[in-house]
$ cat entry37.cif   # mmCIF, C-alpha atoms
data_run
#
loop_
_atom_site.label_atom_id
_atom_site.label_comp_id
_atom_site.auth_asym_id
_atom_site.auth_seq_id
_atom_site.Cartn_x
_atom_site.Cartn_y
_atom_site.Cartn_z
CA MET A 1 -6.45 20.25 28.25
CA SER A 2 -3.32 22.07 27.16
CA LEU A 3 -1.41 21.23 24.02
CA GLY A 4 2.24 21.81 23.30
CA ASP A 5 3.98 24.13 25.73
CA GLY A 6 0.68 24.89 27.37
CA SER A 7 -0.08 27.86 25.18
CA VAL A 8 -3.00 26.15 23.47
CA ASP A 9 -5.95 25.41 25.70
CA ILE A 10 -8.79 23.17 24.72
CA PRO A 11 -11.75 23.21 27.11
CA HIS A 12 -13.02 19.88 28.39
CA GLY A 13 -15.75 18.62 26.14
CA ARG A 14 -18.65 16.23 26.57
CA LEU A 15 -17.68 12.62 25.92
CA VAL A 16 -19.90 11.36 23.09
CA TYR A 17 -18.06 8.24 21.92
CA SER A 18 -15.58 5.92 23.55
CA ARG A 19 -14.44 2.56 22.29
CA VAL A 20 -11.56 0.59 20.86
CA VAL A 21 -11.77 0.64 17.07
CA ASP A 22 -9.89 -1.45 14.51
CA ASP A 23 -7.77 1.42 13.28
CA VAL A 24 -7.47 5.18 13.24
CA GLY A 25 -9.47 5.30 10.01
CA VAL A 26 -12.59 4.21 11.88
CA ALA A 27 -12.05 7.00 14.42
CA LEU A 28 -11.67 9.62 11.69
CA ALA A 29 -14.66 8.31 9.74
CA THR A 30 -16.77 8.33 12.91
CA ALA A 31 -15.85 11.93 13.67
CA PHE A 32 -16.65 12.83 10.07
CA GLU A 33 -20.00 11.05 10.00
CA ARG A 34 -21.03 12.63 13.28
CA SER A 35 -19.86 16.03 12.00
CA LEU A 36 -17.98 16.31 15.25
CA THR A 37 -17.02 19.73 16.44
CA GLY A 38 -14.69 19.10 19.33
CA TYR A 39 -11.73 16.82 19.69
CA ALA A 40 -10.59 13.21 19.59
CA VAL A 41 -8.10 11.52 21.88
CA LEU A 42 -6.55 8.52 20.15
CA THR A 43 -4.44 5.96 22.00
CA PRO A 44 -2.91 3.05 20.12
CA GLN A 45 -3.84 -0.25 21.76
CA SER A 46 -0.20 -1.24 21.81
CA ALA A 47 0.43 1.71 24.13
CA LEU A 48 -2.67 1.68 26.34
CA LEU A 49 -0.55 1.35 29.46
CA LEU A 50 1.60 4.34 28.63
CA ASP A 51 0.49 7.69 29.97
CA ASP A 52 1.40 9.90 27.08
CA ALA A 53 1.05 7.84 23.91
CA GLU A 54 -1.92 9.85 22.73
CA CYS A 55 -2.67 11.88 19.68
CA VAL A 56 -5.16 14.70 19.99
CA LEU A 57 -7.04 15.94 16.93
CA THR A 58 -9.56 18.74 16.87
CA PHE A 59 -12.43 18.90 14.41
CA GLU A 60 -14.85 21.39 12.94
CA ALA A 61 -17.96 19.73 11.50
CA GLY A 62 -16.08 16.43 11.28
CA VAL A 63 -13.08 17.90 9.45
CA PRO A 64 -9.71 17.76 11.25
CA VAL A 65 -8.09 21.09 12.12
CA LEU A 66 -5.31 20.59 14.70
CA ALA A 67 -3.09 17.61 15.45
CA TYR A 68 -0.83 17.10 18.43
CA ASP A 69 1.19 14.04 19.39
CA VAL A 70 1.62 13.96 23.14
CA ALA A 71 4.55 11.54 23.41
CA SER A 72 6.79 13.38 20.97
CA ASP A 73 5.38 16.80 21.86
CA VAL A 74 5.00 17.81 18.22
CA GLY A 75 2.07 19.37 16.44
CA GLY A 76 0.71 19.87 12.95
CA THR A 77 1.73 17.47 10.20
CA ASP A 78 4.74 16.40 12.27
CA ALA A 79 2.24 14.93 14.73
CA LEU A 80 0.78 12.79 11.96
CA THR A 81 4.13 11.21 11.19
CA ALA A 82 5.08 10.85 14.85
CA PHE A 83 1.92 9.05 15.90
CA SER A 84 2.14 5.28 15.71
CA ALA A 85 -1.12 4.70 13.84
CA GLY A 86 -1.08 1.01 12.95
CA GLY A 87 -3.64 -1.35 14.49
CA PRO A 88 -6.49 -0.91 16.95
CA CYS A 89 -6.75 2.24 19.02
CA ARG A 90 -8.87 3.56 21.82
CA THR A 91 -10.92 6.44 20.55
CA GLU A 92 -12.64 9.08 22.62
CA LEU A 93 -14.63 11.79 20.89
CA TYR A 94 -15.59 14.94 22.78
CA ASP A 95 -18.18 17.48 21.73
CA LEU A 96 -17.64 21.22 22.13
CA PRO A 97 -19.47 24.37 21.06
CA ALA A 98 -17.82 25.73 17.89
CA ASP A 99 -16.71 28.98 19.51
CA ALA A 100 -14.83 27.07 22.23
CA LEU A 101 -12.16 26.18 19.68
CA THR A 102 -11.77 29.54 17.95
CA VAL A 103 -8.68 30.57 19.89
CA ALA A 104 -7.01 27.15 19.78
CA HIS A 105 -7.57 26.88 16.05
CA ASP A 106 -5.62 30.06 15.52
CA THR A 107 -2.38 28.17 16.08
CA PRO A 108 -0.69 27.72 12.70
CA GLU A 109 1.99 25.34 13.99
CA LEU A 110 -0.64 22.83 15.09
CA ARG A 111 -2.88 23.01 12.02
CA VAL A 112 -3.07 20.23 9.46
CA PRO A 113 -4.60 20.23 5.96
CA PRO A 114 -8.18 18.84 6.07
CA GLY A 115 -7.36 15.56 4.29
CA ALA A 116 -3.95 14.96 5.85
CA PRO A 117 -5.02 12.84 8.85
CA ALA A 118 -7.11 10.49 6.66
CA ASP A 119 -4.26 10.23 4.15
CA HIS A 120 -1.39 9.84 6.55
CA LEU A 121 -2.86 8.18 9.62
CA ALA A 122 -5.37 5.92 7.88
CA ASP A 123 -4.34 5.75 4.19
CA ASP A 124 -7.98 6.41 3.36
CA ALA A 125 -7.99 8.52 0.20
CA ALA A 126 -11.79 8.52 -0.10
CA LEU A 127 -12.23 9.92 3.41
CA ALA A 128 -9.47 12.45 2.75
CA ASP A 129 -11.39 13.62 -0.31
CA ARG A 130 -14.59 13.97 1.68
CA CYS A 131 -12.79 15.99 4.37
CA ARG A 132 -11.29 18.30 1.75
CA ALA A 133 -14.68 18.71 0.07
CA ARG A 134 -16.39 19.58 3.35
CA ALA A 135 -13.70 21.99 4.58
CA PRO A 136 -14.61 25.66 4.20
CA ASP A 137 -13.11 27.34 1.12
CA ASP A 138 -11.46 30.05 3.17
CA ARG A 139 -9.54 27.61 5.29
CA THR A 140 -5.83 28.30 5.26
CA ASP A 141 -3.27 25.70 6.16
CA ASP A 142 0.44 25.73 5.82
CA PRO A 143 1.13 24.28 2.37
CA GLU A 144 4.82 23.95 3.18
CA THR A 145 4.39 21.00 5.47
CA ASP A 146 4.34 17.60 3.83
CA PRO A 147 3.93 14.63 6.20
CA LEU A 148 5.63 12.35 3.71
CA GLU A 149 8.71 14.54 3.60
CA ALA A 150 8.77 14.73 7.38
CA PHE A 151 8.51 10.96 7.56
CA LEU A 152 11.33 10.44 5.09
CA ALA A 153 13.51 12.89 6.98
CA ASP A 154 13.15 10.82 10.14
CA GLU A 155 16.01 8.39 9.54
CA GLU A 156 15.79 6.92 13.01
CA ARG A 157 12.15 5.99 12.62
CA ILE A 158 12.73 4.46 9.20
CA ALA A 159 15.67 2.46 10.50
CA ALA A 160 13.42 1.15 13.27
CA ILE A 161 10.72 0.11 10.75
CA GLN A 162 13.32 -1.65 8.63
CA GLU A 163 14.87 -3.41 11.57
CA GLU A 164 11.50 -4.61 12.83
CA ALA A 165 10.44 -5.83 9.38
CA ARG A 166 13.69 -7.70 8.91
CA ALA A 167 13.37 -9.42 12.29
CA ASP A 168 9.75 -10.21 11.46
CA ALA A 169 10.71 -11.65 8.05
CA GLU A 170 13.38 -13.85 9.59
CA ARG A 171 11.14 -15.06 12.40
CA ARG A 172 8.36 -15.93 9.97
CA ALA A 173 10.75 -17.60 7.53
CA ALA A 174 11.59 -20.01 10.31
CA GLU A 175 7.88 -20.48 11.06
CA TRP A 176 7.06 -21.15 7.40
CA GLY A 177 10.07 -23.35 6.69
CA LEU A 178 11.54 -20.76 4.33
CA ASP A 179 14.86 -20.48 6.19
CA ASP A 180 16.73 -22.01 3.30
CA HIS A 181 15.69 -19.12 1.10
CA LEU A 182 16.97 -16.42 3.43
CA ASP A 183 19.82 -14.41 2.05
CA GLY A 184 23.06 -14.99 3.92
CA MET B 1 15.80 -14.92 -21.37
CA VAL B 2 13.45 -14.35 -18.48
CA GLU B 3 13.26 -12.10 -15.48
CA ALA B 4 10.58 -12.64 -12.88
CA PHE B 5 9.23 -9.57 -11.09
CA ALA B 6 6.89 -9.67 -8.11
CA VAL B 7 4.67 -6.59 -8.19
CA ALA B 8 4.00 -6.01 -4.53
CA SER B 9 2.72 -3.60 -1.92
CA GLY B 10 2.24 -4.05 1.79
CA LYS B 11 -1.46 -3.32 1.76
CA GLY B 12 -4.39 -3.37 -0.66
CA GLY B 13 -5.75 -0.36 -2.49
CA THR B 14 -2.48 0.91 -3.94
CA GLY B 15 -3.48 -0.01 -7.51
CA LYS B 16 -1.18 -3.00 -7.74
CA THR B 17 -3.23 -4.95 -10.29
CA THR B 18 -3.75 -1.89 -12.48
CA SER B 19 0.00 -1.31 -12.28
CA THR B 20 0.87 -4.93 -13.09
CA LEU B 21 -1.21 -4.93 -16.26
CA ALA B 22 -0.08 -1.45 -17.29
CA LEU B 23 3.60 -2.32 -16.85
CA GLY B 24 2.95 -5.61 -18.64
CA MET B 25 1.38 -3.90 -21.64
CA ALA B 26 4.11 -1.29 -21.81
CA LEU B 27 6.86 -3.93 -21.58
CA ALA B 28 5.07 -6.06 -24.17
CA GLU B 29 6.05 -3.53 -26.82
CA GLU B 30 9.57 -4.86 -26.48
CA TYR B 31 9.36 -8.22 -24.72
CA ASP B 32 7.28 -11.37 -24.50
CA VAL B 33 5.36 -10.72 -21.30
CA THR B 34 3.39 -13.09 -19.09
CA VAL B 35 1.26 -11.78 -16.24
CA VAL B 36 0.09 -14.12 -13.49
CA ASP B 37 -2.47 -13.37 -10.81
CA ALA B 38 -0.49 -14.85 -7.91
CA ASP B 39 -3.03 -13.54 -5.41
CA THR B 40 -4.95 -16.82 -5.29
CA GLY B 41 -7.06 -15.82 -2.30
CA MET B 42 -8.13 -12.34 -3.44
CA ALA B 43 -7.91 -12.55 -7.20
CA ASN B 44 -9.09 -9.57 -9.22
CA LEU B 45 -6.84 -9.44 -12.26
CA LEU B 46 -9.51 -11.22 -14.30
CA PHE B 47 -11.87 -8.25 -13.89
CA HIS B 48 -9.18 -5.84 -15.07
CA ALA B 49 -8.32 -7.91 -18.13
CA GLY B 50 -11.79 -8.72 -19.47
CA LEU B 51 -11.44 -12.34 -18.41
CA ALA B 52 -14.26 -12.51 -15.85
CA ASP B 53 -16.21 -15.02 -17.96
CA VAL B 54 -13.46 -17.44 -18.91
CA ASP B 55 -14.00 -21.09 -18.08
CA VAL B 56 -10.50 -22.05 -17.00
CA THR B 57 -8.40 -20.11 -14.48
CA LEU B 58 -5.34 -20.71 -12.34
CA HIS B 59 -7.62 -22.27 -9.72
CA ASP B 60 -8.43 -25.09 -12.18
CA VAL B 61 -4.75 -25.64 -12.84
CA LEU B 62 -4.01 -25.66 -9.12
CA SER B 63 -6.77 -28.19 -8.54
CA GLY B 64 -5.32 -30.44 -11.24
CA SER B 65 -8.26 -30.22 -13.62
CA ALA B 66 -6.57 -28.15 -16.33
CA SER B 67 -3.13 -27.62 -17.80
CA THR B 68 -1.16 -24.38 -17.49
CA HIS B 69 -1.62 -23.46 -21.14
CA GLU B 70 -5.41 -23.83 -20.84
CA ALA B 71 -5.43 -21.05 -18.22
CA ALA B 72 -3.14 -18.74 -20.23
CA TYR B 73 -4.92 -16.26 -22.46
CA ASP B 74 -3.40 -14.05 -25.12
CA ARG B 75 -4.79 -10.64 -24.37
CA PHE B 76 -3.58 -7.11 -25.07
CA GLY B 77 -0.30 -8.34 -26.49
CA MET B 78 0.54 -10.36 -23.37
CA ARG B 79 -0.09 -13.80 -22.00
CA VAL B 80 -2.41 -13.45 -19.02
CA VAL B 81 -3.05 -16.13 -16.41
CA PRO B 82 -6.04 -15.04 -14.32
CA CYS B 83 -7.13 -16.59 -11.08
CA GLY B 84 -10.74 -17.40 -10.19
CA THR B 85 -12.62 -15.84 -7.33
CA SER B 86 -14.85 -18.63 -6.05
CA LEU B 87 -14.31 -19.96 -2.55
CA ALA B 88 -14.68 -23.50 -3.87
CA GLY B 89 -11.92 -22.87 -6.40
CA PHE B 90 -9.68 -21.52 -3.68
CA ARG B 91 -10.48 -24.45 -1.40
CA ASP B 92 -9.71 -27.03 -4.09
CA ALA B 93 -6.54 -25.33 -5.26
CA ASP B 94 -3.34 -27.09 -4.29
CA PRO B 95 -0.78 -24.30 -3.84
CA GLU B 96 2.02 -26.78 -4.39
CA ARG B 97 1.19 -26.75 -8.07
CA LEU B 98 1.80 -23.00 -8.33
CA ARG B 99 5.52 -23.60 -8.41
CA SER B 100 5.36 -25.78 -11.48
CA VAL B 101 2.84 -23.47 -13.17
CA VAL B 102 5.19 -20.55 -12.81
CA ALA B 103 8.14 -22.71 -13.79
CA ASP B 104 6.30 -23.72 -16.98
CA LEU B 105 5.54 -20.11 -17.81
CA ALA B 106 9.06 -18.90 -17.01
CA ALA B 107 10.48 -21.31 -19.56
CA ASP B 108 8.74 -19.51 -22.38
CA THR B 109 8.71 -15.74 -21.80
CA ASP B 110 10.99 -12.71 -21.45
CA VAL B 111 9.28 -10.99 -18.55
CA LEU B 112 7.16 -12.65 -15.91
CA LEU B 113 5.06 -10.33 -13.75
CA LEU B 114 3.54 -11.82 -10.62
CA ASP B 115 0.67 -9.78 -9.23
CA SER B 116 1.40 -10.59 -5.60
CA PRO B 117 -0.95 -10.69 -2.59
CA ALA B 118 -1.17 -7.38 -0.75
CA ALA B 119 0.01 -8.87 2.52
CA LEU B 120 3.00 -10.41 4.18
CA GLY B 121 1.17 -12.53 6.70
CA SER B 122 1.33 -16.01 5.19
CA LYS B 123 3.75 -18.22 3.32
CA THR B 124 1.52 -18.25 0.25
CA ALA B 125 1.45 -14.46 0.25
CA VAL B 126 5.17 -13.99 0.58
CA LEU B 127 6.23 -16.71 -1.87
CA PRO B 128 6.15 -14.58 -5.05
CA VAL B 129 8.51 -12.10 -3.37
CA VAL B 130 10.76 -14.98 -2.26
CA LEU B 131 10.95 -16.50 -5.70
CA ALA B 132 11.10 -13.48 -7.99
CA ASP B 133 14.38 -12.05 -9.23
CA ARG B 134 13.31 -8.57 -8.25
CA VAL B 135 10.36 -6.78 -6.77
CA VAL B 136 8.52 -3.71 -8.09
CA VAL B 137 7.05 -1.91 -5.10
CA VAL B 138 3.78 -0.05 -5.68
CA LEU B 139 2.84 2.57 -3.12
CA ASN B 140 0.63 5.60 -2.64
CA PRO B 141 2.17 8.86 -1.48
CA THR B 142 1.01 8.48 2.12
CA VAL B 143 2.90 7.70 5.31
CA PRO B 144 1.23 4.29 5.97
CA SER B 145 1.74 3.17 2.38
CA LEU B 146 5.39 4.20 2.38
CA SER B 147 5.90 2.48 5.68
CA ASP B 148 4.38 -0.72 4.22
CA ALA B 149 6.54 -0.41 1.11
CA LEU B 150 9.65 -0.27 3.29
CA LYS B 151 8.49 -3.44 5.02
CA VAL B 152 7.96 -5.22 1.69
CA GLN B 153 11.46 -4.27 0.60
CA GLU B 154 12.87 -5.55 3.87
CA TYR B 155 11.11 -8.89 3.41
CA ALA B 156 12.42 -9.07 -0.15
CA ARG B 157 15.94 -8.20 1.01
CA SER B 158 15.77 -10.96 3.58
CA TYR B 159 15.25 -13.44 0.77
CA GLY B 160 17.90 -11.91 -1.49
CA THR B 161 15.29 -10.40 -3.84
CA GLU B 162 16.40 -7.00 -5.09
CA THR B 163 14.20 -3.97 -5.62
CA ALA B 164 13.84 -3.13 -9.32
CA GLY B 165 12.07 0.12 -8.60
CA VAL B 166 9.38 1.99 -6.75
CA LEU B 167 6.18 3.17 -8.37
CA PHE B 168 4.24 5.98 -6.73
CA ASN B 169 0.60 5.54 -7.68
CA ARG B 170 -2.54 7.66 -7.24
CA VAL B 171 -0.46 10.80 -7.06
CA ARG B 172 -2.30 14.11 -6.70
CA ASP B 173 0.61 16.46 -6.24
CA GLU B 174 3.38 15.60 -8.66
CA ASP B 175 5.70 18.31 -7.36
CA ALA B 176 5.47 16.83 -3.89
CA VAL B 177 6.30 13.37 -5.21
CA ASP B 178 9.25 14.77 -7.16
CA ARG B 179 10.63 16.07 -3.89
CA VAL B 180 9.72 12.94 -1.96
CA GLY B 181 10.92 10.59 -4.73
CA GLU B 182 14.47 11.79 -4.32
CA GLN B 183 14.32 11.35 -0.55
CA ALA B 184 12.72 7.92 -0.95
CA GLU B 185 15.56 6.74 -3.17
CA ARG B 186 17.83 6.95 -0.15
CA TYR B 187 15.89 4.12 1.42
CA PHE B 188 14.91 2.02 -1.59
CA ASP B 189 17.44 -0.06 -3.49
CA GLY B 190 15.84 0.72 -6.84
CA PRO B 191 14.93 3.99 -8.54
CA THR B 192 11.60 5.77 -8.41
CA LEU B 193 10.17 4.50 -11.70
CA ALA B 194 7.30 6.96 -12.04
CA ALA B 195 4.66 9.02 -10.30
CA VAL B 196 1.34 7.89 -11.76
CA PRO B 197 -1.31 10.57 -11.37
CA GLU B 198 -4.68 9.82 -9.77
CA SER B 199 -7.02 9.45 -12.69
CA ASP B 200 -10.66 8.78 -13.50
CA ALA B 201 -9.38 6.84 -16.51
CA VAL B 202 -8.14 4.14 -14.12
CA ARG B 203 -11.61 3.62 -12.68
CA ALA B 204 -13.21 3.74 -16.13
CA SER B 205 -10.82 1.14 -17.52
CA ARG B 206 -11.50 -1.15 -14.57
CA GLN B 207 -15.24 -0.84 -15.21
CA ALA B 208 -14.69 -1.55 -18.90
CA GLY B 209 -12.66 -4.65 -18.02
CA GLU B 210 -9.66 -3.38 -19.95
CA PRO B 211 -6.13 -2.56 -18.84
CA LEU B 212 -5.51 1.17 -18.63
CA LEU B 213 -3.12 1.19 -21.59
CA ALA B 214 -5.81 -0.36 -23.80
CA HIS B 215 -8.71 1.73 -22.51
CA ALA B 216 -7.05 5.14 -22.18
CA PRO B 217 -3.67 4.91 -23.92
CA ASP B 218 -3.36 8.69 -24.20
CA SER B 219 -4.10 9.42 -20.53
CA PRO B 220 -1.34 10.92 -18.38
CA ALA B 221 -1.49 7.83 -16.15
CA ALA B 222 -0.82 5.55 -19.14
CA ALA B 223 2.10 7.76 -20.18
CA ALA B 224 3.53 7.49 -16.65
CA TYR B 225 3.34 3.69 -16.77
CA ARG B 226 5.09 3.63 -20.14
CA SER B 227 7.81 5.81 -18.70
CA ALA B 228 8.09 3.47 -15.69
CA ALA B 229 8.48 0.48 -18.01
CA THR B 230 11.27 2.28 -19.86
CA SER B 231 13.06 2.92 -16.56
CA LEU B 232 12.82 -0.74 -15.65
CA ASP B 233 16.01 -2.31 -16.95
CA VAL B 234 14.97 -5.86 -17.68
CA ARG B 235 17.88 -8.20 -17.16
CA SER B 236 18.28 -11.34 -19.11
CA GLY B 237 18.42 -14.37 -16.89
CA ALA B 238 18.58 -17.99 -17.79
CA ALA B 239 15.04 -19.28 -18.20
CA GLY B 240 16.09 -22.61 -16.79
CA ALA B 241 17.41 -21.02 -13.60
CA VAL B 242 14.12 -19.26 -12.87
CA ALA B 243 12.15 -22.38 -13.68
CA ASP B 244 14.37 -24.44 -11.40
CA ARG B 245 14.01 -21.95 -8.60
CA PHE B 246 10.25 -22.19 -8.69
CA ARG B 247 10.32 -25.96 -8.95
CA SER B 248 12.62 -26.29 -5.96
CA ALA B 249 10.77 -23.80 -3.81
CA VAL B 250 9.14 -25.07 -0.70
CA ILE B 251 5.46 -25.84 -0.79
CA PRO B 252 3.13 -23.13 0.46
CA ASP B 253 0.63 -23.88 3.19
CA PRO B 254 -2.69 -25.16 1.94
CA PRO B 255 -5.41 -22.50 2.07
#

$ encode --input "entry37.cif" --output "structure tokens"
Amino acid sequence: MSLGDGSVDIPHGRLVYSRVVDDVGVALATAFERSLTGYAVLTPQSALLLDDAECVLTFEAGVPVLAYDVASDVGGTDALTAFSAGGPCRTELYDLPADALTVAHDTPELRVPPGAPADHLADDAALADRCRARAPDDRTDDPETDPLEAFLADEERIAAIQEEARADAERRAAEWGLDDHLDG
Amino acid sequence: MVEAFAVASGKGGTGKTTSTLALGMALAEEYDVTVVDADTGMANLLFHAGLADVDVTLHDVLSGSASTHEAAYDRFGMRVVPCGTSLAGFRDADPERLRSVVADLAADTDVLLLDSPAALGSKTAVLPVVLADRVVVVLNPTVPSLSDALKVQEYARSYGTETAGVLFNRVRDEDAVDRVGEQAERYFDGPTLAAVPESDAVRASRQAGEPLLAHAPDSPAAAAYRSAATSLDVRSGAAGAVADRFRSAVIPDPP
């Protein structure tokens, strides 16, 4: 499997887990509990029919190292904000020998801080803490990248969230008989 | 005067109840404050306010077996209306009565804080946001939490409820939130009220059954909440208008 412009190769691993889970948090927790060294391919259920709606994360001993969002072709923390993480997702976990990832993991633009996927894909602060605690002390990640800042800079995505929420609110107001309370 | 605030977040775990009581205590230094656990299905305010053993809760009022004032307790300088946690209490509660309970309370306080359900998926859950004058949005500095907060604001906007402010909670990196807070203000109608640091004091106060400002008043988190309360410009509204709004509101679905 190649990530990004094809410059990062990840060898095919051995499939050790494959199912649809309730949310990305379950996938991350499973990788953590299994101390997975290898990679995860996550596909949101809402996009199962699309070819490239996947997010690929690599792990060392259950701790995330790289992130790449296939649809938007972005890596690192940008991948975490690009991936549509809400709701159930198909999760495939692949096992690899640790040295198979050495070269791939030397790709700063795809690296994420150890707790960032749990924080920003799953909003699971406890799991994020456990990932940070388990990560090796000498691990270096780009401290300049903040997923929250990247998210807030994406005006188009925020406008889409707002538009969807507003349509949802109005539809449900009708359902609940709250139309009279709608503004304007 | 009275202004009703719904303290809301799109999802659980943001520290909404801790925030409601902390803001309540801080505001109580200047105003008459009433805090209501409007999360009748997943109540937990009683555990935070040392009221776990009380006999009468909002559930009893909603089932018609007690009056509003019997479920209102003077604690920590505020009036606190806890909700029970039993399934039977929830089953027997008639949500229709919530409107008149809140209307009664609104007639006799300066600031009404409604600890709202952490969801937007039912009429009962969304009603506090519909009825409040303004909403205080509590969020954690993560992408999913921010995304949920934007959704809450959009729901509130749909019902003409303004955003009084945004409270970042469980913050580990204050510098990052300073940067993000400014960006976030572009999307939220109200100011960033504070960045409350992640703190062991919060957990300890919950275990002690005391609001943070009573248990650890000198903690940085408590100071942040006091600063948030100062940034919240409470508007005087006509008590009668708020009471009328609750009375005239449509009846929530039965549980």

$ resolve_selection --input "entry37.cif" --expression "the PyMOL selection byres ((chain A) within 9 of (chain B))" --output "PyMOL selection string"
chain A and resi 80-81+85-86+116+119-123+146-149+151-153+158+161-166+168-170+172-173+176-179+181-184

$ write_last_selection --input "entry37.cif" --atoms "C-alpha atoms" --output "compact mmCIF listing (two decimals), in the frame of the given file"
# COMPACT_ATOMS: atom_id res chain seq x y z
CA LEU A 80 0.78 12.79 11.96
CA THR A 81 4.13 11.21 11.19
CA ALA A 85 -1.12 4.70 13.84
CA GLY A 86 -1.08 1.01 12.95
CA ALA A 116 -3.95 14.96 5.85
CA ASP A 119 -4.26 10.23 4.15
CA HIS A 120 -1.39 9.84 6.55
CA LEU A 121 -2.86 8.18 9.62
CA ALA A 122 -5.37 5.92 7.88
CA ASP A 123 -4.34 5.75 4.19
CA ASP A 146 4.34 17.60 3.83
CA PRO A 147 3.93 14.63 6.20
CA LEU A 148 5.63 12.35 3.71
CA GLU A 149 8.71 14.54 3.60
CA PHE A 151 8.51 10.96 7.56
CA LEU A 152 11.33 10.44 5.09
CA ALA A 153 13.51 12.89 6.98
CA ILE A 158 12.73 4.46 9.20
CA ILE A 161 10.72 0.11 10.75
CA GLN A 162 13.32 -1.65 8.63
CA GLU A 163 14.87 -3.41 11.57
CA GLU A 164 11.50 -4.61 12.83
CA ALA A 165 10.44 -5.83 9.38
CA ARG A 166 13.69 -7.70 8.91
CA ASP A 168 9.75 -10.21 11.46
CA ALA A 169 10.71 -11.65 8.05
CA GLU A 170 13.38 -13.85 9.59
CA ARG A 172 8.36 -15.93 9.97
CA ALA A 173 10.75 -17.60 7.53
CA TRP A 176 7.06 -21.15 7.40
CA GLY A 177 10.07 -23.35 6.69
CA LEU A 178 11.54 -20.76 4.33
CA ASP A 179 14.86 -20.48 6.19
CA HIS A 181 15.69 -19.12 1.10
CA LEU A 182 16.97 -16.42 3.43
CA ASP A 183 19.82 -14.41 2.05
CA GLY A 184 23.06 -14.99 3.92

$ resolve_selection --input "entry37.cif" --expression "the PyMOL selection byres ((chain A and resi 39) around 12)" --output "PyMOL selection string"
chain A and resi 1+9-17+27-28+30-32+35-38+40-42+55-68+91-98+100-101+104-105

$ atom_distance --input "entry37.cif" --atom1 "CA of Ser100 (chain B)" --atom2 "CA of Leu114 (chain B)"
14.1 Å

$ atom_distance --input "entry37.cif" --atom1 "CA of Val24 (chain A)" --atom2 "CA of Glu198 (chain B)"
23.6 Å

$ closest_residue --input "entry37.cif" --among "A:Val103, A:Ala135, A:Cys89, A:Val112" --to "Ser18 (chain A)" --atoms "only C-alpha atoms"
A:Cys89

$ atom_distance --input "entry37.cif" --atom1 "CA of Gly64 (chain B)" --atom2 "CA of Ala107 (chain B)"
20.1 Å

$ resolve_selection --input "entry37.cif" --expression "the PyMOL selection byres ((chain B and resi 12) around 10)" --output "PyMOL selection string"
chain B and resi 8-11+13-17+117-119+139+145

$ residues_around --input "entry37.cif" --residues "Glu54 (chain A)" --least-positions-apart "5" --cutoff "8 Å" --atoms "all atoms listed in the file" --output "compact mmCIF listing (two decimals) with C-alpha atoms, keeping the file's coordinate frame"
# COMPACT_ATOMS: atom_id res chain seq x y z
CA VAL A 41 -8.10 11.52 21.88
CA LEU A 42 -6.55 8.52 20.15
CA THR A 43 -4.44 5.96 22.00
CA PRO A 44 -2.91 3.05 20.12
CA ASP A 69 1.19 14.04 19.39
CA VAL A 70 1.62 13.96 23.14
CA ALA A 71 4.55 11.54 23.41
CA PHE A 83 1.92 9.05 15.90

$ residues_around --input "entry37.cif" --residues "Ser219 (chain B)" --least-positions-apart "2" --cutoff "10 Å" --atoms "all atoms listed in the file" --output "list in words"
Pro197, Ser199, Asp200, Ala201, Val202, Leu212, Leu213, His215, Ala216, Pro217, Ala221, Ala222, Ala223 and Ala224 of chain B

$ residues_near_point --input "entry37.cif" --point "(-6.3, -14.9, -20.6)" --cutoff "9 Å" --atoms "all atoms listed in the file" --output "list in words"
Leu46, Ala49, Gly50, Leu51, Val54, Thr57, Glu70, Ala71, Ala72, Tyr73, Asp74, Arg75, Met78, Arg79, Val80, Val81 and Pro82 of chain B
